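Student: The structure file final.pdb (PDB, C-alpha atoms) is provided below.
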```
ATOM      1  CA  MET A   1       0.000   0.000   0.000
ATOM      2  CA  ALA A   2       1.317   3.457  -0.932
ATOM      3  CA  THR A   3       2.266   5.788   1.894
ATOM      4  CA  SER A   4      -0.104   8.647   2.646
ATOM      5  CA  TYR A   5       1.662  11.805   3.726
ATOM      6  CA  ALA A   6       0.543  14.648   5.922
ATOM      7  CA  TYR A   7       1.591  17.657   3.876
ATOM      8  CA  LEU A   8       2.377  20.722   5.986
ATOM      9  CA  TYR A   9       2.438  23.965   4.053
ATOM     10  CA  VAL A  10       5.409  26.013   5.218
ATOM     11  CA  THR A  11       5.883  29.715   4.696
ATOM     12  CA  ASP A  12       7.621  32.605   6.427
ATOM     13  CA  THR A  13       5.978  33.528   9.784
ATOM     14  CA  LEU A  14       4.421  30.055  10.139
ATOM     15  CA  ALA A  15       2.843  29.832  13.606
ATOM     16  CA  ASP A  16       4.835  26.949  15.091
ATOM     17  CA  TRP A  17       2.603  26.380  18.114
ATOM     18  CA  GLU A  18      -0.584  25.825  16.126
ATOM     19  CA  ILE A  19       0.437  22.556  14.499
ATOM     20  CA  GLY A  20       2.791  20.930  17.024
ATOM     21  CA  TYR A  21       0.279  18.599  18.656
ATOM     22  CA  LEU A  22      -0.982  17.414  15.295
ATOM     23  CA  THR A  23       2.273  16.880  13.426
ATOM     24  CA  ALA A  24       3.866  15.052  16.370
ATOM     25  CA  GLU A  25       1.067  12.501  16.533
ATOM     26  CA  LEU A  26       0.790  11.977  12.784
ATOM     27  CA  ASP A  27       4.498  11.518  12.164
ATOM     28  CA  SER A  28       5.186   9.332  15.195
ATOM     29  CA  GLY A  29       2.010   7.252  15.028
ATOM     30  CA  ARG A  30       2.607   6.453  18.695
ATOM     31  CA  TYR A  31      -1.101   6.306  19.574
ATOM     32  CA  PHE A  32      -2.474   5.086  16.251
ATOM     33  CA  ALA A  33      -5.095   2.375  16.422
ATOM     34  CA  GLU A  34      -3.079   0.262  13.974
ATOM     35  CA  SER A  35       0.183  -0.931  15.467
ATOM     36  CA  GLY A  36       3.209   0.340  13.551
ATOM     37  CA  ALA A  37       1.200   2.759  11.423
ATOM     38  CA  ARG A  38       2.019   6.451  10.977
ATOM     39  CA  MET A  39       1.381   9.299   8.568
ATOM     40  CA  PRO A  40       4.760  10.857   7.791
ATOM     41  CA  VAL A  41       4.799  14.653   7.737
ATOM     42  CA  ARG A  42       6.304  16.275   4.659
ATOM     43  CA  THR A  43       6.814  20.018   4.441
ATOM     44  CA  ALA A  44       5.747  21.720   1.227
ATOM     45  CA  GLY A  45       6.603  25.253   0.171
ATOM     46  CA  LEU A  46       5.906  27.401  -2.848
ATOM     47  CA  SER A  47       9.551  26.716  -3.691
ATOM     48  CA  LEU A  48      12.381  24.796  -2.074
ATOM     49  CA  ASP A  49      13.816  27.979  -0.591
ATOM     50  CA  PRO A  50      14.138  27.977   3.220
ATOM     51  CA  VAL A  51      11.444  29.667   5.282
ATOM     52  CA  THR A  52      11.589  31.072   8.800
ATOM     53  CA  THR A  53       8.797  30.377  11.256
ATOM     54  CA  LYS A  54       7.361  32.798  13.780
ATOM     55  CA  GLY A  55       9.511  31.064  16.383
ATOM     56  CA  GLY A  56      12.681  31.640  14.399
ATOM     57  CA  LEU A  57      13.097  28.084  13.103
ATOM     58  CA  ARG A  58      14.602  27.793   9.639
ATOM     59  CA  LEU A  59      12.890  25.110   7.571
ATOM     60  CA  VAL A  60      13.863  23.757   4.168
ATOM     61  CA  PRO A  61      10.756  22.349   2.423
ATOM     62  CA  ASP A  62      10.790  18.683   1.479
ATOM     63  CA  THR A  63       8.834  19.385  -1.689
ATOM     64  CA  THR A  64       6.761  22.026  -3.426
ATOM     65  CA  VAL A  65       3.007  22.544  -3.347
ATOM     66  CA  ASP A  66       2.610  21.834  -7.054
ATOM     67  CA  ARG A  67       3.965  18.297  -6.540
ATOM     68  CA  ILE A  68       1.342  17.287  -3.980
ATOM     69  CA  THR A  69      -1.121  14.796  -5.423
ATOM     70  CA  ALA A  70      -4.404  13.378  -4.198
ATOM     71  CA  GLU A  71      -2.899   9.915  -4.594
ATOM     72  CA  ASP A  72      -0.227  10.383  -1.916
ATOM     73  CA  ALA A  73      -1.794  13.045   0.313
ATOM     74  CA  GLY A  74      -3.536  11.946   3.483
ATOM     75  CA  VAL A  75      -4.181  15.529   4.591
ATOM     76  CA  LEU A  76      -3.049  19.051   3.737
ATOM     77  CA  ILE A  77      -2.321  21.161   6.821
ATOM     78  CA  LEU A  78      -2.464  24.939   6.473
ATOM     79  CA  PRO A  79      -0.996  26.640   9.569
ATOM     80  CA  GLY A  80      -1.410  30.249  10.583
ATOM     81  CA  GLY A  81       0.957  33.002   9.544
ATOM     82  CA  ASP A  82       1.100  36.747   9.009
ATOM     83  CA  THR A  83       0.792  36.885   5.217
ATOM     84  CA  TRP A  84      -2.214  34.756   4.347
ATOM     85  CA  LEU A  85      -4.189  37.584   2.724
ATOM     86  CA  GLU A  86      -1.437  38.155   0.169
ATOM     87  CA  PRO A  87      -1.859  36.669  -3.344
ATOM     88  CA  VAL A  88       1.431  34.769  -3.034
ATOM     89  CA  HIS A  89      -0.547  31.960  -1.377
ATOM     90  CA  ASP A  90      -2.979  31.486  -4.286
ATOM     91  CA  PRO A  91      -1.213  28.282  -5.467
ATOM     92  CA  VAL A  92      -1.760  26.494  -2.158
ATOM     93  CA  LEU A  93      -5.389  27.634  -2.042
ATOM     94  CA  ALA A  94      -5.856  26.166  -5.514
ATOM     95  CA  LYS A  95      -4.230  22.954  -4.282
ATOM     96  CA  ALA A  96      -6.636  22.901  -1.329
ATOM     97  CA  VAL A  97      -9.586  23.090  -3.723
ATOM     98  CA  GLU A  98      -8.094  20.308  -5.847
ATOM     99  CA  LEU A  99      -7.637  18.036  -2.831
ATOM    100  CA  LEU A 100     -11.092  18.742  -1.416
ATOM    101  CA  GLU A 101     -12.615  17.828  -4.766
ATOM    102  CA  ALA A 102     -10.690  14.535  -4.535
ATOM    103  CA  ARG A 103     -11.999  13.940  -0.986
ATOM    104  CA  VAL A 104      -8.628  14.544   0.653
ATOM    105  CA  PRO A 105      -8.958  16.370   4.001
ATOM    106  CA  VAL A 106      -7.720  19.942   4.261
ATOM    107  CA  ALA A 107      -7.092  21.385   7.737
ATOM    108  CA  ALA A 108      -6.723  25.145   8.206
ATOM    109  CA  VAL A 109      -6.062  27.082  11.380
ATOM    110  CA  CYS A 110      -5.868  30.788  12.275
ATOM    111  CA  GLY A 111      -4.714  32.954   9.351
ATOM    112  CA  ALA A 112      -5.172  30.126   6.869
ATOM    113  CA  THR A 113      -8.914  30.176   7.565
ATOM    114  CA  MET A 114      -8.934  33.847   6.610
ATOM    115  CA  ALA A 115      -7.347  33.004   3.272
ATOM    116  CA  LEU A 116      -9.986  30.341   2.643
ATOM    117  CA  ALA A 117     -12.673  32.843   3.584
ATOM    118  CA  ASN A 118     -11.274  35.543   1.321
ATOM    119  CA  ALA A 119     -11.198  33.058  -1.555
ATOM    120  CA  GLY A 120     -14.903  32.373  -1.043
ATOM    121  CA  LEU A 121     -14.294  28.799   0.059
ATOM    122  CA  LEU A 122     -16.193  29.181   3.340
ATOM    123  CA  ASN A 123     -19.273  30.917   1.967
ATOM    124  CA  GLU A 124     -21.401  27.786   1.808
ATOM    125  CA  ARG A 125     -20.085  25.517   4.540
ATOM    126  CA  PRO A 126     -19.868  25.480   8.360
ATOM    127  CA  HIS A 127     -16.558  26.871   9.593
ATOM    128  CA  THR A 128     -14.769  28.793  12.291
ATOM    129  CA  SER A 129     -11.834  31.178  12.521
ATOM    130  CA  ASN A 130     -10.297  33.531  15.037
ATOM    131  CA  ASN A 131     -13.170  35.995  14.929
ATOM    132  CA  LEU A 132     -16.207  36.596  12.722
ATOM    133  CA  GLY A 133     -15.698  40.343  12.774
ATOM    134  CA  ALA A 134     -12.162  39.950  11.478
ATOM    135  CA  LEU A 135     -13.366  37.823   8.580
ATOM    136  CA  GLN A 136     -15.977  40.418   7.694
ATOM    137  CA  ALA A 137     -13.553  43.329   7.961
ATOM    138  CA  LEU A 138     -10.493  41.854   6.306
ATOM    139  CA  CYS A 139     -11.804  39.360   3.741
ATOM    140  CA  PRO A 140     -13.673  41.039   0.839
ATOM    141  CA  GLY A 141     -14.548  37.683  -0.686
ATOM    142  CA  TYR A 142     -16.231  36.399   2.460
ATOM    143  CA  GLU A 143     -20.014  36.013   2.518
ATOM    144  CA  GLY A 144     -20.288  33.061   4.878
ATOM    145  CA  GLU A 145     -21.540  34.774   8.028
ATOM    146  CA  ASP A 146     -24.552  32.475   8.313
ATOM    147  CA  HIS A 147     -22.256  29.444   8.373
ATOM    148  CA  PHE A 148     -19.814  30.739  10.988
ATOM    149  CA  ARG A 149     -19.625  28.737  14.218
ATOM    150  CA  GLY A 150     -18.150  30.243  17.365
ATOM    151  CA  GLU A 151     -16.321  27.039  18.260
ATOM    152  CA  PRO A 152     -12.615  26.174  18.668
ATOM    153  CA  ALA A 153     -12.675  23.806  15.692
ATOM    154  CA  VAL A 154     -15.287  22.837  13.113
ATOM    155  CA  THR A 155     -15.319  19.849  10.774
ATOM    156  CA  ASP A 156     -17.425  19.955   7.624
ATOM    157  CA  GLY A 157     -16.821  16.830   5.607
ATOM    158  CA  ASP A 158     -13.219  16.982   4.468
ATOM    159  CA  LEU A 159     -12.581  20.563   5.623
ATOM    160  CA  ILE A 160     -11.430  21.315   9.162
ATOM    161  CA  THR A 161     -11.104  24.903  10.369
ATOM    162  CA  ALA A 162      -9.908  26.117  13.751
ATOM    163  CA  SER A 163      -9.044  29.187  15.785
ATOM    164  CA  GLY A 164      -5.393  29.992  16.299
ATOM    165  CA  VAL A 165      -5.824  29.780  20.074
ATOM    166  CA  ALA A 166      -7.105  26.199  19.886
ATOM    167  CA  PRO A 167      -4.197  24.043  18.647
ATOM    168  CA  LEU A 168      -5.283  21.087  20.765
ATOM    169  CA  HIS A 169      -8.867  21.205  19.485
ATOM    170  CA  PHE A 170      -7.473  21.564  15.972
ATOM    171  CA  ALA A 171      -5.356  18.442  16.391
ATOM    172  CA  LYS A 172      -8.258  16.486  17.865
ATOM    173  CA  ALA A 173     -10.558  17.438  15.007
ATOM    174  CA  VAL A 174      -8.033  16.424  12.361
ATOM    175  CA  LEU A 175      -7.149  13.160  14.094
ATOM    176  CA  ALA A 176     -10.850  12.372  14.398
ATOM    177  CA  ARG A 177     -11.462  13.073  10.705
ATOM    178  CA  LEU A 178      -8.526  10.879   9.695
ATOM    179  CA  GLY A 179      -9.704   8.099  12.003
ATOM    180  CA  VAL A 180      -6.182   7.122  12.985
ATOM    181  CA  PHE A 181      -6.882   6.938  16.740
ATOM    182  CA  SER A 182      -9.523   4.779  18.361
ATOM    183  CA  GLU A 183     -12.322   6.801  19.938
ATOM    184  CA  THR A 184     -11.117   5.804  23.389
ATOM    185  CA  ALA A 185      -7.529   6.831  22.641
ATOM    186  CA  LEU A 186      -8.557  10.170  21.146
ATOM    187  CA  ASP A 187     -10.758  11.055  24.097
ATOM    188  CA  ALA A 188      -8.060  10.087  26.611
ATOM    189  CA  TRP A 189      -5.339  11.867  24.623
ATOM    190  CA  PHE A 190      -7.336  15.071  24.577
ATOM    191  CA  ARG A 191      -8.165  14.953  28.288
ATOM    192  CA  LEU A 192      -4.547  14.202  29.162
ATOM    193  CA  ASN A 193      -3.266  17.222  27.251
ATOM    194  CA  ALA A 194      -6.128  19.599  28.023
ATOM    195  CA  GLU A 195      -6.748  18.788  31.683
ATOM    196  CA  GLN A 196      -3.615  16.841  32.696
ATOM    197  CA  GLU A 197      -5.850  14.071  34.040
ATOM    198  CA  GLU A 198      -3.689  11.305  35.477
ATOM    199  CA  SER A 199      -6.365   8.709  34.789
ATOM    200  CA  ALA A 200      -6.433   9.727  31.127
ATOM    201  CA  TYR A 201      -2.819   8.626  30.727
ATOM    202  CA  PHE A 202      -3.635   5.098  31.873
ATOM    203  CA  GLU A 203      -6.735   5.014  29.678
ATOM    204  CA  LEU A 204      -4.631   6.083  26.721
ATOM    205  CA  MET A 205      -1.989   3.452  27.365
ATOM    206  CA  GLY A 206      -4.652   0.809  27.830
ATOM    207  CA  SER A 207      -6.281   1.704  24.521
ATOM    208  CA  LEU A 208      -3.219   0.961  22.425
ATOM    209  CA  PRO A 209      -2.898  -2.191  20.308
ATOM    210  CA  GLN A 210      -1.441  -5.029  22.321
ATOM    211  CA  PRO A 211       1.463  -7.042  20.881
ATOM    212  CA  ALA A 212       0.589 -10.473  19.672
ATOM    213  CA  THR A 213       1.384 -13.261  22.109
ATOM    214  CA  ALA A 214       3.056 -16.477  21.066
ATOM    215  CA  HIS A 215       1.059 -19.697  21.366
TER     216      HIS A 215
END
```
Could you render the structure as structure tokens?
Tutor:
Amino acid sequence: MATSYAYLYVTDTLADWEIGYLTAELDSGRYFAESGARMPVRTAGLSLDPVTTKGGLRLVPDTTVDRITAEDAGVLILPGGDTWLEPVHDPVLAKAVELLEARVPVAAVCGATMALANAGLLNERPHTSNNLGALQALCPGYEGEDHFRGEPAVTDGDLITASGVAPLHFAKAVLARLGVFSETALDAWFRLNAEQEESAYFELMGSLPQPATAH
């Protein structure tokens, strides 16, 4: 079976903290329902030139956006950043449309949701963002007010949107859509990270696939 990759769009001012929970779990596969499974994270830029994140990390993209295909993409992750309303990002928005049409999940958080809104991609589907007023004020192409949900993260079919202050909810929503955790593991994982519940750790460990025993 061909490997499905989690493609992370990388650009200057990428908000590091918004995607850390998600990328760590996808790439490691440590809590996946299927033993030994994982969804490797590949970084994709508009070019192969290095980018610098908001946290000062210098990243060299693994590939370019134009080389992402529906055949090898398990999800496209669009993190926040300071430049999303600039036309330079049009190629990745076009790629998002292409993948959604192919039933490949697209997950956008913070500023990336504003770019989707400005492109008119949220006008007819439930979604969230940082703030409805900001979408209305800053995104001329946005007419989706009736579909806005004041929630940390919203899943509508293959599109996941989230607020920039809800990285854990964002990760949970994407992991749920991908179905890579069992329901028990996902619930325990979220409670462990959100509430630091000691019992959740043991529930999470107990939910993992058990190694086969010899007979």
Student: Tell me which residues the PyMOL selection byres ((chain A and resi 194) around 12) grabs here, as JSON, numbers by chain.
Tutor: {"A": [21, 166, 167, 168, 169, 171, 172, 186, 187, 188, 189, 190, 191, 192, 193, 195, 196, 197, 198, 200, 201]}
Student: Would you compute the box with edges along x, y and z of the file around stretch 14-23 of chain A, including every atom the file lists for it and 8 Å extra on each side, and give its centre and edge lengths in Å to one decimal, as AutoDock Vina command-line options?
Tutor:
```
--center_x 1.9 --center_y 23.5 --center_z 14.4 --size_x 21.8 --size_y 29.2 --size_z 24.5
```
Student: Can you tell me, as a PDB file with C-alpha atoms, in the coordinates of the input, what residues are no more than 8 Å from stretch 79-94 of chain A when counting only C-alpha atoms, ignoring any on the same chain fewer than 6 positions away?
Tutor:
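Result file is result_19.pdb:
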```pdb
ATOM      1  CA  LEU A   8       2.377  20.722   5.986  1.00  0.00           C
ATOM      2  CA  TYR A   9       2.438  23.965   4.053  1.00  0.00           C
ATOM      3  CA  VAL A  10       5.409  26.013   5.218  1.00  0.00           C
ATOM      4  CA  THR A  11       5.883  29.715   4.696  1.00  0.00           C
ATOM      5  CA  ASP A  12       7.621  32.605   6.427  1.00  0.00           C
ATOM      6  CA  THR A  13       5.978  33.528   9.784  1.00  0.00           C
ATOM      7  CA  LEU A  14       4.421  30.055  10.139  1.00  0.00           C
ATOM      8  CA  ALA A  15       2.843  29.832  13.606  1.00  0.00           C
ATOM      9  CA  GLU A  18      -0.584  25.825  16.126  1.00  0.00           C
ATOM     10  CA  ILE A  19       0.437  22.556  14.499  1.00  0.00           C
ATOM     11  CA  LEU A  46       5.906  27.401  -2.848  1.00  0.00           C
ATOM     12  CA  LYS A  54       7.361  32.798  13.780  1.00  0.00           C
ATOM     13  CA  VAL A  65       3.007  22.544  -3.347  1.00  0.00           C
ATOM     14  CA  ASP A  66       2.610  21.834  -7.054  1.00  0.00           C
ATOM     15  CA  ALA A 108      -6.723  25.145   8.206  1.00  0.00           C
ATOM     16  CA  VAL A 109      -6.062  27.082  11.380  1.00  0.00           C
ATOM     17  CA  CYS A 110      -5.868  30.788  12.275  1.00  0.00           C
ATOM     18  CA  GLY A 111      -4.714  32.954   9.351  1.00  0.00           C
ATOM     19  CA  ALA A 112      -5.172  30.126   6.869  1.00  0.00           C
ATOM     20  CA  MET A 114      -8.934  33.847   6.610  1.00  0.00           C
ATOM     21  CA  ALA A 115      -7.347  33.004   3.272  1.00  0.00           C
ATOM     22  CA  LEU A 116      -9.986  30.341   2.643  1.00  0.00           C
ATOM     23  CA  ASN A 118     -11.274  35.543   1.321  1.00  0.00           C
ATOM     24  CA  ALA A 119     -11.198  33.058  -1.555  1.00  0.00           C
ATOM     25  CA  CYS A 139     -11.804  39.360   3.741  1.00  0.00           C
ATOM     26  CA  GLY A 164      -5.393  29.992  16.299  1.00  0.00           C
TER      27      GLY A 164
END
```
Student: Please work out which residues fall within 9 Å of (5.9, 18.9, 3.7), coordinates as given in the file, with only C-alpha atoms counting, and return them as an NGL selection string.
Tutor: :A and (5-10 or 41-45 or 61-65 or 76)
Student: Kindly indicate which residue among A:Gly157, A:Gly36, A:Gly120, A:Gly56 lies nearest to A:Arg103, using all atoms listed in the file for the distances.
Tutor: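 Distance minimum relative to A:Arg103 lands on A:Gly157.
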Student: Given the file above and the PyMOL selection byres ((chain A and resi 51) around 7), which residues are selected, and can you give them as a list in words?
Tutor: Thr11, Asp12, Asp49, Pro50, Thr52, Thr53, Arg58, Leu59 and Val60 of chain A
Student: When you look at A:Tyr31 with a cut-off of 8 Å (counting all atoms listed in the file), what residues show up, excluding the ones that are within fewer than 5 positions of it in the same chain? I need them as a list in words.
Tutor: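 Contacts, with the query itself left out: Glu25, Phe181, Ala185, Leu204 and Leu208 of chain A.
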Student: With all atoms listed in the file as the atoms that count, which of A:Leu122, A:Ser182, A:Ala137, A:Gly144 lies nearest to A:Asp156?
Tutor: A:Leu122
Student: Looking at A:Asp146, A:Ala107, A:Gly141, A:Thr69, which one is nearest to A:Glu124, with distances taken over only C-alpha atoms?
Tutor: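 Comparing A:Asp146, A:Ala107, A:Gly141, A:Thr69 against A:Glu124, the winner is A:Asp146.
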